[in-house]
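Q: Sharing upload_28.txt, compact mmCIF, C-alpha atoms:
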```txt
# COMPACT_ATOMS: atom_id res chain seq x y z
CA MET A 1 126.80 110.17 98.07
CA SER A 2 126.18 109.14 94.51
CA GLN A 3 124.04 106.17 93.75
CA PRO A 4 123.48 105.31 90.11
CA PRO A 5 119.91 106.35 89.45
CA SER A 6 117.32 104.04 88.00
CA ALA A 7 117.22 105.69 84.62
CA THR A 8 116.54 102.61 82.60
CA THR A 9 113.37 101.47 84.35
CA ASP A 10 109.92 102.98 84.57
CA THR A 11 109.94 102.65 88.33
CA TRP A 12 112.12 104.75 90.56
CA MET A 13 114.44 102.63 92.63
CA LEU A 14 113.46 101.43 96.09
CA TRP A 15 115.06 102.93 99.22
CA GLU A 16 114.80 101.67 102.79
CA VAL A 17 114.06 104.39 105.32
CA PHE A 18 115.50 104.63 108.84
CA ILE A 19 114.30 107.27 111.31
CA ARG A 20 115.96 108.42 114.52
CA PRO A 21 113.25 109.48 117.00
CA GLY A 22 115.64 111.85 118.74
CA ALA A 23 119.27 112.51 119.61
CA GLY A 24 120.59 109.77 121.87
CA LEU A 25 118.53 107.07 120.17
CA GLU A 26 119.36 104.82 117.24
CA HIS A 27 117.93 104.98 113.73
CA LYS A 28 115.19 102.42 113.26
CA HIS A 29 113.84 100.93 110.05
CA CYS A 30 110.30 102.13 109.29
CA GLY A 31 109.55 101.31 105.64
CA SER A 32 110.55 102.20 102.12
CA VAL A 33 110.03 104.80 99.41
CA HIS A 34 110.54 104.93 95.66
CA ALA A 35 112.72 107.81 94.46
CA ALA A 36 114.90 108.77 91.51
CA ASP A 37 117.89 109.67 93.68
CA ALA A 38 119.04 109.91 97.29
CA GLU A 39 118.01 113.55 97.75
CA GLN A 40 114.53 112.87 96.53
CA ALA A 41 114.34 109.74 98.67
CA LEU A 42 115.12 111.86 101.75
CA HIS A 43 112.50 114.37 100.75
CA LEU A 44 109.81 111.75 100.22
CA ALA A 45 110.74 109.86 103.39
CA ARG A 46 110.20 113.09 105.30
CA GLU A 47 106.70 113.45 103.81
CA VAL A 48 105.74 109.83 104.30
CA TYR A 49 107.26 108.94 107.67
CA THR A 50 107.68 112.14 109.71
CA ARG A 51 104.41 114.06 109.38
CA ARG A 52 104.08 114.14 113.16
CA GLN A 53 107.63 114.77 114.32
CA GLU A 54 108.44 111.06 114.50
CA GLY A 55 112.11 111.85 114.21
CA ASP A 56 114.91 114.35 113.80
CA SER A 57 117.15 112.41 111.44
CA ILE A 58 116.55 110.20 108.39
CA TRP A 59 118.75 107.69 106.62
CA VAL A 60 117.82 106.36 103.19
CA VAL A 61 119.65 103.32 101.81
CA PRO A 62 119.17 101.69 98.40
CA SER A 63 117.25 98.50 99.17
CA ALA A 64 119.54 96.58 96.84
CA ALA A 65 122.54 97.57 98.97
CA ILE A 66 121.30 95.66 102.00
CA THR A 67 122.64 92.18 102.62
CA ALA A 68 120.42 90.19 104.96
CA SER A 69 121.02 86.93 106.78
CA ALA A 70 118.95 84.09 105.38
CA PRO A 71 116.04 82.79 107.45
CA VAL A 72 117.18 79.19 106.79
CA ALA A 73 120.50 80.02 108.39
CA LYS A 74 118.81 81.19 111.59
CA GLY A 75 119.94 78.10 113.45
CA GLU A 76 123.61 78.19 112.63
CA MET A 77 123.71 81.97 112.98
CA PHE A 78 122.02 82.43 116.32
CA GLU A 79 121.62 79.13 118.14
CA PRO A 80 125.27 78.80 119.19
CA ALA A 81 124.66 81.67 121.63
CA ALA A 82 121.81 79.83 123.32
CA ASP A 83 123.98 77.56 125.49
CA LYS A 84 126.45 80.26 126.50
CA ILE A 85 124.47 81.27 129.52
CA TYR A 86 127.65 82.21 131.36
CA ARG A 87 127.69 85.35 129.19
CA HIS A 88 124.83 86.74 131.27
CA PRO A 89 125.28 88.27 134.71
CA THR A 90 122.38 86.21 136.10
CA PHE A 91 124.50 83.04 135.64
CA TYR A 92 126.52 83.91 138.73
CA GLN A 93 125.00 83.19 142.14
CA LEU A 94 126.54 85.50 144.70
CA PRO A 95 125.87 85.91 148.44
CA ASP A 96 122.88 88.14 149.22
CA ALA A 97 125.09 90.72 150.90
CA VAL A 98 126.91 91.48 147.65
CA ASP A 99 124.27 90.42 145.07
CA HIS A 100 123.51 93.98 144.04
CA MET A 101 127.02 94.73 142.89
CA MET B 1 90.59 104.71 105.92
CA TYR B 2 90.55 101.14 105.08
CA THR B 3 89.65 98.47 102.73
CA GLN B 4 86.65 96.28 102.38
CA ALA B 5 86.64 93.01 104.15
CA MET B 6 88.58 91.31 101.43
CA ASP B 7 86.81 88.01 101.36
CA THR B 8 84.60 89.27 98.57
CA ALA B 9 87.18 87.58 96.35
CA PRO B 10 87.93 83.89 96.45
CA ILE B 11 90.89 82.76 98.48
CA GLU B 12 93.91 81.86 96.38
CA ALA B 13 94.07 78.18 95.60
CA GLY B 14 96.43 76.40 97.92
CA GLN B 15 99.34 74.50 96.42
CA PRO B 16 100.48 71.37 98.18
CA THR B 17 103.83 72.31 99.60
CA ALA B 18 106.97 70.51 98.60
CA ASN B 19 108.53 71.45 101.87
CA ALA B 20 106.65 69.81 104.72
CA GLN B 21 109.18 70.99 107.25
CA ALA B 22 108.83 74.62 106.20
CA GLN B 23 105.05 74.29 106.30
CA GLN B 24 105.28 72.86 109.79
CA HIS B 25 107.40 75.77 110.95
CA PHE B 26 104.99 78.23 109.38
CA ASP B 27 102.04 76.57 111.14
CA GLN B 28 103.89 76.69 114.44
CA VAL B 29 104.53 80.42 114.11
CA ILE B 30 100.88 81.05 113.24
CA ASP B 31 99.64 78.84 116.10
CA SER B 32 101.81 80.63 118.64
CA GLN B 33 100.51 84.04 117.45
CA GLY B 34 103.97 84.84 116.10
CA TYR B 35 104.95 86.88 113.07
CA ILE B 36 105.95 85.86 109.57
CA GLU B 37 108.60 88.14 108.06
CA PRO B 38 109.17 88.74 104.34
CA GLN B 39 112.12 86.39 103.94
CA ASP B 40 110.49 83.52 105.84
CA TRP B 41 108.98 80.65 103.94
CA MET B 42 105.23 80.99 103.53
CA PRO B 43 102.59 79.07 101.58
CA GLU B 44 102.04 80.54 98.13
CA ALA B 45 98.33 81.01 98.85
CA TYR B 46 99.16 83.00 102.00
CA ARG B 47 101.50 85.22 100.00
CA LYS B 48 99.01 85.79 97.20
CA THR B 49 96.13 86.47 99.55
CA LEU B 50 98.24 89.00 101.46
CA VAL B 51 99.42 90.74 98.30
CA ARG B 52 95.82 91.11 97.27
CA GLN B 53 94.57 92.22 100.67
CA ILE B 54 97.38 94.72 101.37
CA SER B 55 97.42 96.20 97.87
CA GLN B 56 93.64 96.58 97.81
CA HIS B 57 93.88 98.22 101.20
CA ALA B 58 96.46 100.60 99.72
CA HIS B 59 94.25 101.29 96.70
CA SER B 60 91.40 102.18 99.05
CA GLU B 61 93.58 104.80 100.69
CA VAL B 62 94.53 106.23 97.30
CA VAL B 63 90.99 106.40 95.97
CA GLY B 64 89.79 107.53 99.41
CA MET B 65 91.59 110.83 98.85
CA GLN B 66 89.08 111.76 96.15
CA PRO B 67 85.77 112.15 98.01
CA GLU B 68 87.37 114.39 100.63
CA GLY B 69 89.77 116.12 98.27
CA ASN B 70 86.60 117.32 96.57
CA TRP B 71 86.05 119.73 99.51
CA ILE B 72 89.55 121.08 100.13
CA SER B 73 89.02 124.19 98.02
CA ARG B 74 85.60 124.82 99.58
CA ALA B 75 86.30 124.13 103.25
CA PRO B 76 84.36 126.66 105.36
CA SER B 77 87.40 128.06 107.19
CA LEU B 78 91.17 128.10 107.05
CA LYS B 79 91.25 125.89 110.14
CA ARG B 80 89.03 123.22 108.56
CA LYS B 81 90.99 123.47 105.33
CA ALA B 82 94.32 122.89 107.09
CA ILE B 83 92.83 119.91 108.94
CA LEU B 84 91.35 118.43 105.76
CA LEU B 85 94.62 118.86 103.87
CA ALA B 86 96.46 117.04 106.66
CA LYS B 87 93.90 114.25 106.65
CA VAL B 88 93.99 113.74 102.89
CA GLN B 89 97.79 113.75 103.01
CA ASP B 90 97.58 111.06 105.70
CA GLU B 91 95.47 108.89 103.37
CA GLY B 92 98.18 109.18 100.73
CA GLY B 93 100.74 108.30 103.39
CA HIS B 94 98.73 105.26 104.48
CA ALA B 95 98.71 104.05 100.89
CA LEU B 96 102.49 104.38 100.76
CA TYR B 97 103.03 102.47 104.03
CA LEU B 98 100.84 99.71 102.64
CA TYR B 99 102.39 99.55 99.17
CA SER B 100 105.74 99.37 100.93
CA ALA B 101 104.51 96.42 103.04
CA ALA B 102 103.09 94.65 99.97
CA GLU B 103 106.34 95.08 98.06
CA THR B 104 108.14 92.99 100.67
CA LEU B 105 106.09 90.05 99.37
CA GLY B 106 107.74 90.29 95.97
CA THR B 107 105.22 92.30 94.00
CA THR B 108 106.19 95.63 92.43
CA ARG B 109 104.60 99.05 92.78
CA ASP B 110 103.96 99.11 89.04
CA GLN B 111 102.15 95.78 89.10
CA MET B 112 99.90 96.97 91.89
CA LEU B 113 99.12 100.32 90.28
CA ASP B 114 98.46 98.61 86.98
CA ALA B 115 95.94 96.30 88.67
CA LEU B 116 94.17 99.33 90.11
CA HIS B 117 94.21 101.34 86.90
CA THR B 118 92.92 98.52 84.73
CA GLY B 119 90.13 97.74 87.16
CA ARG B 120 91.45 94.28 88.08
CA ALA B 121 92.02 95.26 91.70
CA LYS B 122 89.24 96.37 94.00
CA TYR B 123 89.12 99.11 96.58
CA SER B 124 86.62 99.78 99.36
CA SER B 125 83.05 100.19 98.09
CA ILE B 126 82.49 103.22 100.33
CA PHE B 127 84.55 105.51 98.10
CA ASN B 128 82.17 105.03 95.23
CA TYR B 129 79.65 107.26 96.96
CA PRO B 130 79.73 111.02 96.32
CA THR B 131 80.45 113.79 98.84
CA LEU B 132 77.56 116.15 98.13
CA THR B 133 77.81 118.51 101.11
CA TRP B 134 80.39 119.77 103.59
CA ALA B 135 78.70 117.63 106.25
CA ASP B 136 79.83 114.57 104.26
CA VAL B 137 83.44 115.42 105.14
CA GLY B 138 82.58 115.30 108.84
CA VAL B 139 80.51 112.15 108.47
CA ILE B 140 83.32 110.39 106.60
CA GLY B 141 85.65 111.18 109.48
CA TRP B 142 83.20 110.09 112.15
CA LEU B 143 81.61 107.02 110.53
CA VAL B 144 83.82 105.86 107.66
CA ASP B 145 87.05 106.33 109.59
CA GLY B 146 85.31 105.02 112.71
CA ALA B 147 84.47 101.83 110.83
CA ALA B 148 88.01 101.74 109.50
CA ILE B 149 89.45 101.87 113.01
CA MET B 150 87.17 99.00 114.10
CA ASN B 151 88.55 96.96 111.24
CA GLN B 152 92.18 97.97 111.42
CA VAL B 153 92.87 97.68 115.12
CA PRO B 154 92.70 93.85 115.01
CA LEU B 155 95.00 93.92 111.95
CA CYS B 156 97.75 95.43 114.13
CA ARG B 157 98.08 91.84 115.39
CA CYS B 158 98.02 90.28 111.94
CA SER B 159 100.54 87.50 111.35
CA PHE B 160 102.50 89.24 108.59
CA GLY B 161 105.01 91.55 110.28
CA PRO B 162 105.23 94.41 107.75
CA TYR B 163 101.42 94.62 107.46
CA ALA B 164 100.98 94.61 111.23
CA ARG B 165 103.61 97.35 111.65
CA ALA B 166 102.03 99.50 108.94
CA MET B 167 98.66 99.08 110.65
CA VAL B 168 100.04 100.33 113.97
CA ARG B 169 101.10 103.58 112.30
CA VAL B 170 97.85 103.86 110.36
CA CYS B 171 95.69 103.35 113.46
CA ARG B 172 97.53 106.04 115.40
CA GLU B 173 96.74 108.55 112.65
CA GLU B 174 93.23 107.29 112.04
CA SER B 175 92.19 108.41 115.51
CA PHE B 176 92.82 112.03 114.48
CA HIS B 177 90.64 111.45 111.41
CA GLN B 178 87.68 110.24 113.38
CA ARG B 179 87.89 112.94 116.04
CA GLN B 180 88.25 115.81 113.58
CA GLY B 181 85.14 114.56 111.76
CA TYR B 182 83.07 114.41 114.92
CA ASP B 183 84.39 117.84 115.92
CA ALA B 184 83.37 119.34 112.57
CA LEU B 185 79.88 117.85 112.94
CA MET B 186 79.54 119.20 116.49
CA ALA B 187 80.32 122.67 115.19
CA MET B 188 77.54 122.31 112.62
CA MET B 189 75.07 120.95 115.18
CA ARG B 190 75.67 124.08 117.29
CA GLY B 191 74.87 126.20 114.22
CA THR B 192 71.67 126.94 112.34
CA GLN B 193 68.76 124.59 111.68
CA ALA B 194 69.91 124.37 108.06
CA GLN B 195 73.32 123.15 109.23
CA ARG B 196 71.78 120.58 111.57
CA ASP B 197 69.56 119.36 108.72
CA MET B 198 72.62 119.06 106.51
CA VAL B 199 74.32 116.81 109.07
CA GLN B 200 71.23 114.63 109.48
CA GLU B 201 70.79 114.29 105.72
CA SER B 202 74.40 113.25 105.39
CA VAL B 203 74.16 110.67 108.17
CA ASN B 204 71.06 109.24 106.50
CA ARG B 205 72.92 108.79 103.23
CA TRP B 206 76.12 107.29 104.68
CA TRP B 207 74.84 105.02 107.44
CA TRP B 208 73.98 101.95 105.36
CA PRO B 209 77.00 102.11 103.02
CA VAL B 210 79.21 102.40 106.11
CA LEU B 211 77.70 99.22 107.60
CA MET B 212 78.50 97.49 104.29
CA MET B 213 82.19 98.38 104.73
CA PHE B 214 82.53 95.41 107.09
CA GLY B 215 81.82 93.11 104.17
CA PRO B 216 79.18 90.43 103.58
CA PRO B 217 77.60 88.56 106.49
CA ASP B 218 79.65 85.74 107.99
CA SER B 219 77.23 83.21 106.51
CA GLU B 220 78.29 84.41 103.05
CA SER B 221 82.01 84.78 103.79
CA PRO B 222 83.39 81.34 103.04
CA ASN B 223 86.99 82.57 103.15
CA SER B 224 86.81 84.00 106.64
CA ALA B 225 87.87 80.73 108.24
CA GLN B 226 91.07 80.53 106.17
CA GLY B 227 91.85 84.19 106.90
CA MET B 228 91.35 83.50 110.60
CA ARG B 229 93.52 80.40 110.41
CA TRP B 230 96.31 82.43 108.85
CA GLY B 231 96.01 85.25 111.36
CA ILE B 232 95.35 87.82 108.65
CA LYS B 233 91.77 88.26 109.83
CA ARG B 234 91.18 88.39 113.55
CA VAL B 235 87.50 89.24 114.00
CA THR B 236 84.58 88.29 111.74
CA ASN B 237 82.64 90.78 109.60
CA ASP B 238 79.45 90.46 111.64
CA GLU B 239 81.25 90.82 114.95
CA LEU B 240 82.98 93.98 113.78
CA ARG B 241 79.74 95.40 112.39
CA GLN B 242 77.95 94.77 115.68
CA LYS B 243 80.76 96.33 117.66
CA PHE B 244 80.70 99.39 115.43
CA ILE B 245 76.94 99.85 115.78
CA ASP B 246 77.08 99.48 119.55
CA ALA B 247 79.87 102.07 119.73
CA THR B 248 78.19 104.51 117.35
CA VAL B 249 74.67 104.69 118.83
CA PRO B 250 75.69 106.68 121.93
CA GLN B 251 77.92 108.92 119.78
CA ALA B 252 74.91 109.76 117.60
CA GLN B 253 72.92 110.64 120.72
CA VAL B 254 75.60 113.02 121.98
CA LEU B 255 75.79 114.61 118.55
CA GLY B 256 72.00 114.93 118.38
CA VAL B 257 71.35 113.01 115.16
CA SER B 258 69.22 109.94 114.54
CA LEU B 259 70.40 106.85 112.67
CA PRO B 260 68.14 105.95 109.73
CA ASP B 261 67.08 102.49 110.88
CA PRO B 262 63.62 101.99 112.42
CA ASP B 263 64.67 98.54 113.64
CA LEU B 264 67.67 99.83 115.55
CA ARG B 265 67.11 99.22 119.27
CA TRP B 266 68.89 97.95 122.33
CA ASN B 267 68.41 94.26 122.98
CA GLU B 268 68.68 93.75 126.71
CA ALA B 269 68.96 89.97 126.42
CA ARG B 270 71.84 90.08 123.92
CA GLY B 271 73.47 93.12 125.47
CA GLN B 272 73.80 94.48 121.93
CA HIS B 273 71.75 96.51 119.46
CA ASP B 274 69.39 94.85 117.01
CA PHE B 275 69.40 96.47 113.59
CA GLY B 276 67.57 96.29 110.28
CA ALA B 277 68.39 94.29 107.18
CA ILE B 278 71.24 95.55 105.00
CA ASN B 279 70.62 95.85 101.28
CA TRP B 280 73.30 93.48 100.03
CA ASP B 281 72.16 93.86 96.44
CA GLU B 282 73.34 97.45 96.59
CA PHE B 283 76.66 96.32 98.06
CA TRP B 284 77.29 93.82 95.27
CA GLN B 285 76.28 96.38 92.65
CA VAL B 286 78.86 98.83 94.00
CA VAL B 287 81.56 96.16 94.34
CA GLY B 288 80.75 95.04 90.80
CA GLY B 289 81.48 98.50 89.40
CA ASN B 290 78.00 100.00 89.31
CA GLY B 291 78.04 102.33 92.30
CA PRO B 292 77.27 106.03 91.92
CA CYS B 293 80.92 107.05 91.33
CA ASN B 294 82.91 103.96 90.29
CA ARG B 295 83.74 105.17 86.79
CA GLU B 296 84.52 108.71 87.90
CA ARG B 297 86.83 107.54 90.70
CA LEU B 298 88.84 105.24 88.45
CA ALA B 299 89.03 107.79 85.62
CA THR B 300 90.26 110.47 88.04
CA ARG B 301 92.87 108.11 89.43
CA VAL B 302 94.16 107.11 85.98
CA LEU B 303 94.25 110.74 84.87
CA ALA B 304 96.27 111.71 87.96
CA HIS B 305 98.76 108.97 87.15
CA THR B 306 99.13 109.76 83.45
CA SER B 307 99.29 113.52 83.94
CA GLY B 308 101.98 113.02 86.58
CA ALA B 309 104.16 111.07 84.16
CA TRP B 310 106.20 114.14 83.16
CA VAL B 311 107.04 114.79 86.82
CA ARG B 312 108.38 111.27 87.22
CA ASP B 313 110.30 111.56 83.96
CA ALA B 314 111.75 114.93 84.97
CA ALA B 315 112.94 113.61 88.33
CA THR B 316 114.58 110.65 86.63
CA ALA B 317 116.24 112.91 84.05
CA HIS B 318 117.50 115.22 86.79
CA ALA B 319 118.87 112.28 88.79
CA ASN B 320 120.66 110.97 85.70
CA LYS B 321 122.19 114.35 84.88
CA ALA B 322 123.33 114.92 88.45
CA HIS B 323 124.85 111.47 88.52
CA ALA B 324 126.65 112.04 85.22
CA ARG B 325 128.02 115.37 86.48
CA ARG B 326 129.38 113.74 89.62
CA GLN B 327 130.95 110.96 87.57
CA ALA B 328 132.60 113.53 85.26
CA LYS B 329 134.04 115.36 88.25
CA VAL B 330 135.51 112.15 89.63
CA ALA B 331 137.03 111.21 86.27
```
Take the structure in the file and write it out as structure tokens.
A:
Amino acid sequence: MSQPPSATTDTWMLWEVFIRPGAGLEHKHCGSVHAADAEQALHLAREVYTRRQEGDSIWVVPSAAITASAPVAKGEMFEPAADKIYRHPTFYQLPDAVDHM
Amino acid sequence: MYTQAMDTAPIEAGQPTANAQAQQHFDQVIDSQGYIEPQDWMPEAYRKTLVRQISQHAHSEVVGMQPEGNWISRAPSLKRKAILLAKVQDEGGHALYLYSAAETLGTTRDQMLDALHTGRAKYSSIFNYPTLTWADVGVIGWLVDGAAIMNQVPLCRCSFGPYARAMVRVCREESFHQRQGYDALMAMMRGTQAQRDMVQESVNRWWWPVLMMFGPPDSESPNSAQGMRWGIKRVTNDELRQKFIDATVPQAQVLGVSLPDPDLRWNEARGQHDFGAINWDEFWQVVGGNGPCNRERLATRVLAHTSGAWVRDAATAHANKAHARRQAKVA
């Protein structure tokens, strides 16, 4: 993994940190660190976010590499799912005798 | 550790919003005790006030490493030294969680550090008092971190998501800080008369400055209402102070120390403790830069930053070289 380092600025580039609490669980965002490169970002993330065994795996991702959905687009992005209640198992009324299928 | 109640500075002037609909949505989220996330629209005054509050909170953690760091090399045992090292590292970690939260509001780490180093930004007044004895390390854990917990627990429900999440992590760790302090003091109280006297002397010195940590009385905190409205302040200064005193009195009894306030007594009718008048002149002196250690704390902080410059430069140079080598290999 080779990210161009932030050589031209005074500030080290910003990395988002994701921690996996344990095998079988997913990585979860927990904050960010500044670091000159990916290796250092991992190292610093370990010091900042796992001082008490909060996880057993760390991902660091350049903050600039993340594309996020826009808050103003929340409606068009997520509202269409709101009226599709037939996608949930609770939509279907079955006889009591078989309701626990 | 934590920051001063931040309403010692005026609230940022509110700009009339061009986007009434966005304002309405913001108000709805606040009214329903919801969370504002970094990309959501927010009033400029809310953003500015949060940047100031979170960054000053972070600065307090950074400067807070100094009074205790003073005793790392002279801790009385390896056990206490390991504990103190872990605690001071936590304070540095808390600062980083908080800077990270503040950066989501569009400010940079450099801007925040610059504000601290040039004296434009404040940090908690408590760290401008010296740690003269080993007992001070225990008292900071018990009282200063105890006051911090009182203040920070309500902030776990603050309306700005990244700040609230950082506070949840901070509070979990803060509990260790308070308990290790009380534990260290208990060890001293079981020791010699000289050790017990040292604890009492330390409590006498810290008690009043700790009560000042909650900030000026509500009657002199004109910005409290706006902070409450925005959900970035949940409990008033006076309420927190009272709660802290009521919680601390029985702890002092168990420890076997007295609190240096002749007016401190249980008020049956109120169901709370009455306590003596706080010297607010002293508080404003310390906030204004004239506490016992203000200049020393800031100078130490600036020196740490400037003498660490070569480390930052070296890491950048190494990263550039490694990157260039990888590029050459690919080519």
Q: Rounded to one decimal, what separation in Å do you get between CA of Ala148 in chain B and CA of Arg270 in chain B?
A: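 Computing it gives 24.6 Å between the two atoms.
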Q: For a quick check of understanding, using all atoms listed in the file, which of A:Val17, A:Pro71, A:Ala38, A:Pro95 has the smallest distance to chain B?
A: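 Of all the options, A:Pro71 lies closest to chain B.
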Q: Pick the closest to chain A from B:Ala102, B:Val63, B:Leu303, B:Ile72: which is it, counting only C-alpha atoms?
A: B:Ala102
Q: From the options B:Ser307, B:Ser124, B:Asn279, B:Gln111, which residue's atoms come nearest to chain A, counting all atoms listed in the file?
A: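 Using all atoms listed in the file, the shortest distance to chain A belongs to B:Gln111.
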Q: Just the residues within 9 Å of Val302 in chain B, please, counting all atoms listed in the file, with nothing from its chain fewer than 5 positions along; format it as a list in words.
A: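 Close residues of Val302 in chain B: Leu116, His117, Thr118, Arg297 and Ser307 of chain B.
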Q: Using all atoms listed in the file, which protein or nucleic acid residues come within 12 Å of Ile66 in chain A? Drop anything in the same chain fewer than 2 positions from it, and give the result as a list in words.
A: Leu14, Trp15, Glu16, Val17, Val60, Val61, Pro62, Ser63, Ala64, Ala68 and Ser69 of chain A
Q: Ser57 in chain A: which residues within 12 Å, counting all atoms listed in the file, same-chain residues fewer than 2 positions away excluded, as a compact mmCIF listing (two decimals) with C-alpha atoms, keeping the file's coordinate frame?
A:
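Saved to part06.txt:
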```
# COMPACT_ATOMS: atom_id res chain seq x y z
CA VAL A 17 114.06 104.39 105.32
CA PHE A 18 115.50 104.63 108.84
CA ILE A 19 114.30 107.27 111.31
CA ARG A 20 115.96 108.42 114.52
CA PRO A 21 113.25 109.48 117.00
CA GLY A 22 115.64 111.85 118.74
CA ALA A 23 119.27 112.51 119.61
CA GLY A 24 120.59 109.77 121.87
CA LEU A 25 118.53 107.07 120.17
CA GLU A 26 119.36 104.82 117.24
CA HIS A 27 117.93 104.98 113.73
CA LYS A 28 115.19 102.42 113.26
CA LEU A 42 115.12 111.86 101.75
CA HIS A 43 112.50 114.37 100.75
CA ALA A 45 110.74 109.86 103.39
CA ARG A 46 110.20 113.09 105.30
CA TYR A 49 107.26 108.94 107.67
CA THR A 50 107.68 112.14 109.71
CA GLN A 53 107.63 114.77 114.32
CA GLU A 54 108.44 111.06 114.50
CA GLY A 55 112.11 111.85 114.21
CA TRP A 59 118.75 107.69 106.62
CA VAL A 60 117.82 106.36 103.19
```
Q: Return the single residue from B:Gly138, B:Gly161, B:Gly181, B:Gly231 that is closest to chain A, with distances computed using all atoms listed in the file.
A: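 Among B:Gly138, B:Gly161, B:Gly181, B:Gly231, it is B:Gly161 that comes nearest to chain A.
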Q: Quick one: of B:Leu211, B:Leu84, B:Ala45, B:Cys171, who's nearest to Ala184 in chain B, counting only C-alpha atoms?
A: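 The closest residue to Ala184 in chain B is B:Leu84.
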Q: Based on all atoms listed in the file, which of the residues in chain B come within 8 Å of chain A? I want them as a list in words.
A: Gln39, Asp40, Gly93, Leu96, Tyr97, Ser100, Ala101, Arg109, Asp110, Ala315, Thr316, Ala317, Ala319, Asn320, His323 and Arg326 of chain B
Q: Between B:Gln251, B:Gln66, B:Asn151, B:Ser202, single out the one closest to Lys233 in chain B, counting all atoms listed in the file.
A: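 With all atoms listed in the file as the atom set, the closest residue is B:Asn151.
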Q: In Å, with one decimal, what is the gap from CA of Ala41 in chain A to CA of His318 in chain B?
A: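 Separating CA of Ala41 in chain A from CA of His318 in chain B is a distance of 13.5 Å.
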Q: Rounded to one decimal place, report the CA of Trp41 in chain B-CA of Phe160 in chain B distance in Å.
A: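 It comes out at 11.7 Å.
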Q: Quick one: what's the axis-aligned box for range 180-186 of chain B, all listed atoms, 8 Å on every side, centre and edges in Å to one decimal, as JSON?
A:
```
{"center_x": 83.9, "center_y": 116.9, "center_z": 114.1, "size_x": 24.7, "size_y": 20.9, "size_z": 20.7}
```
Q: Do you know which residues lie at most 12 Å from (72.4, 118.7, 109.6), with coordinates as in the file and all atoms listed in the file counted, and could you write them as number ranges by chain?
A: B: 133-136, 138-139, 184-205, 255-258
Q: Would you save the residues from that selection as an mmCIF file, in the coordinates of the input, using C-alpha atoms?
A:
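Saved the output as out.cif:
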```cif
data_model
loop_
_atom_site.group_PDB
_atom_site.id
_atom_site.type_symbol
_atom_site.label_atom_id
_atom_site.label_comp_id
_atom_site.auth_asym_id
_atom_site.auth_seq_id
_atom_site.Cartn_x
_atom_site.Cartn_y
_atom_site.Cartn_z
ATOM 1 C CA THR B 133 77.810 118.510 101.110
ATOM 2 C CA TRP B 134 80.390 119.770 103.590
ATOM 3 C CA ALA B 135 78.700 117.630 106.250
ATOM 4 C CA ASP B 136 79.830 114.570 104.260
ATOM 5 C CA GLY B 138 82.580 115.300 108.840
ATOM 6 C CA VAL B 139 80.510 112.150 108.470
ATOM 7 C CA ALA B 184 83.370 119.340 112.570
ATOM 8 C CA LEU B 185 79.880 117.850 112.940
ATOM 9 C CA MET B 186 79.540 119.200 116.490
ATOM 10 C CA ALA B 187 80.320 122.670 115.190
ATOM 11 C CA MET B 188 77.540 122.310 112.620
ATOM 12 C CA MET B 189 75.070 120.950 115.180
ATOM 13 C CA ARG B 190 75.670 124.080 117.290
ATOM 14 C CA GLY B 191 74.870 126.200 114.220
ATOM 15 C CA THR B 192 71.670 126.940 112.340
ATOM 16 C CA GLN B 193 68.760 124.590 111.680
ATOM 17 C CA ALA B 194 69.910 124.370 108.060
ATOM 18 C CA GLN B 195 73.320 123.150 109.230
ATOM 19 C CA ARG B 196 71.780 120.580 111.570
ATOM 20 C CA ASP B 197 69.560 119.360 108.720
ATOM 21 C CA MET B 198 72.620 119.060 106.510
ATOM 22 C CA VAL B 199 74.320 116.810 109.070
ATOM 23 C CA GLN B 200 71.230 114.630 109.480
ATOM 24 C CA GLU B 201 70.790 114.290 105.720
ATOM 25 C CA SER B 202 74.400 113.250 105.390
ATOM 26 C CA VAL B 203 74.160 110.670 108.170
ATOM 27 C CA ASN B 204 71.060 109.240 106.500
ATOM 28 C CA ARG B 205 72.920 108.790 103.230
ATOM 29 C CA LEU B 255 75.790 114.610 118.550
ATOM 30 C CA GLY B 256 72.000 114.930 118.380
ATOM 31 C CA VAL B 257 71.350 113.010 115.160
ATOM 32 C CA SER B 258 69.220 109.940 114.540
#
```
Q: Quick one: residues within 10 Å of Asn70 in chain B, all atoms listed in the file, excluding same-chain residues fewer than 3 positions away - as a list of chain:residue names?
A: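 Result of the neighbour search: B:Met65, B:Gln66, B:Pro67, B:Ser73, B:Arg74, B:Ala75, B:Pro130, B:Thr131, B:Leu132, B:Thr133, B:Trp134, B:Val137.
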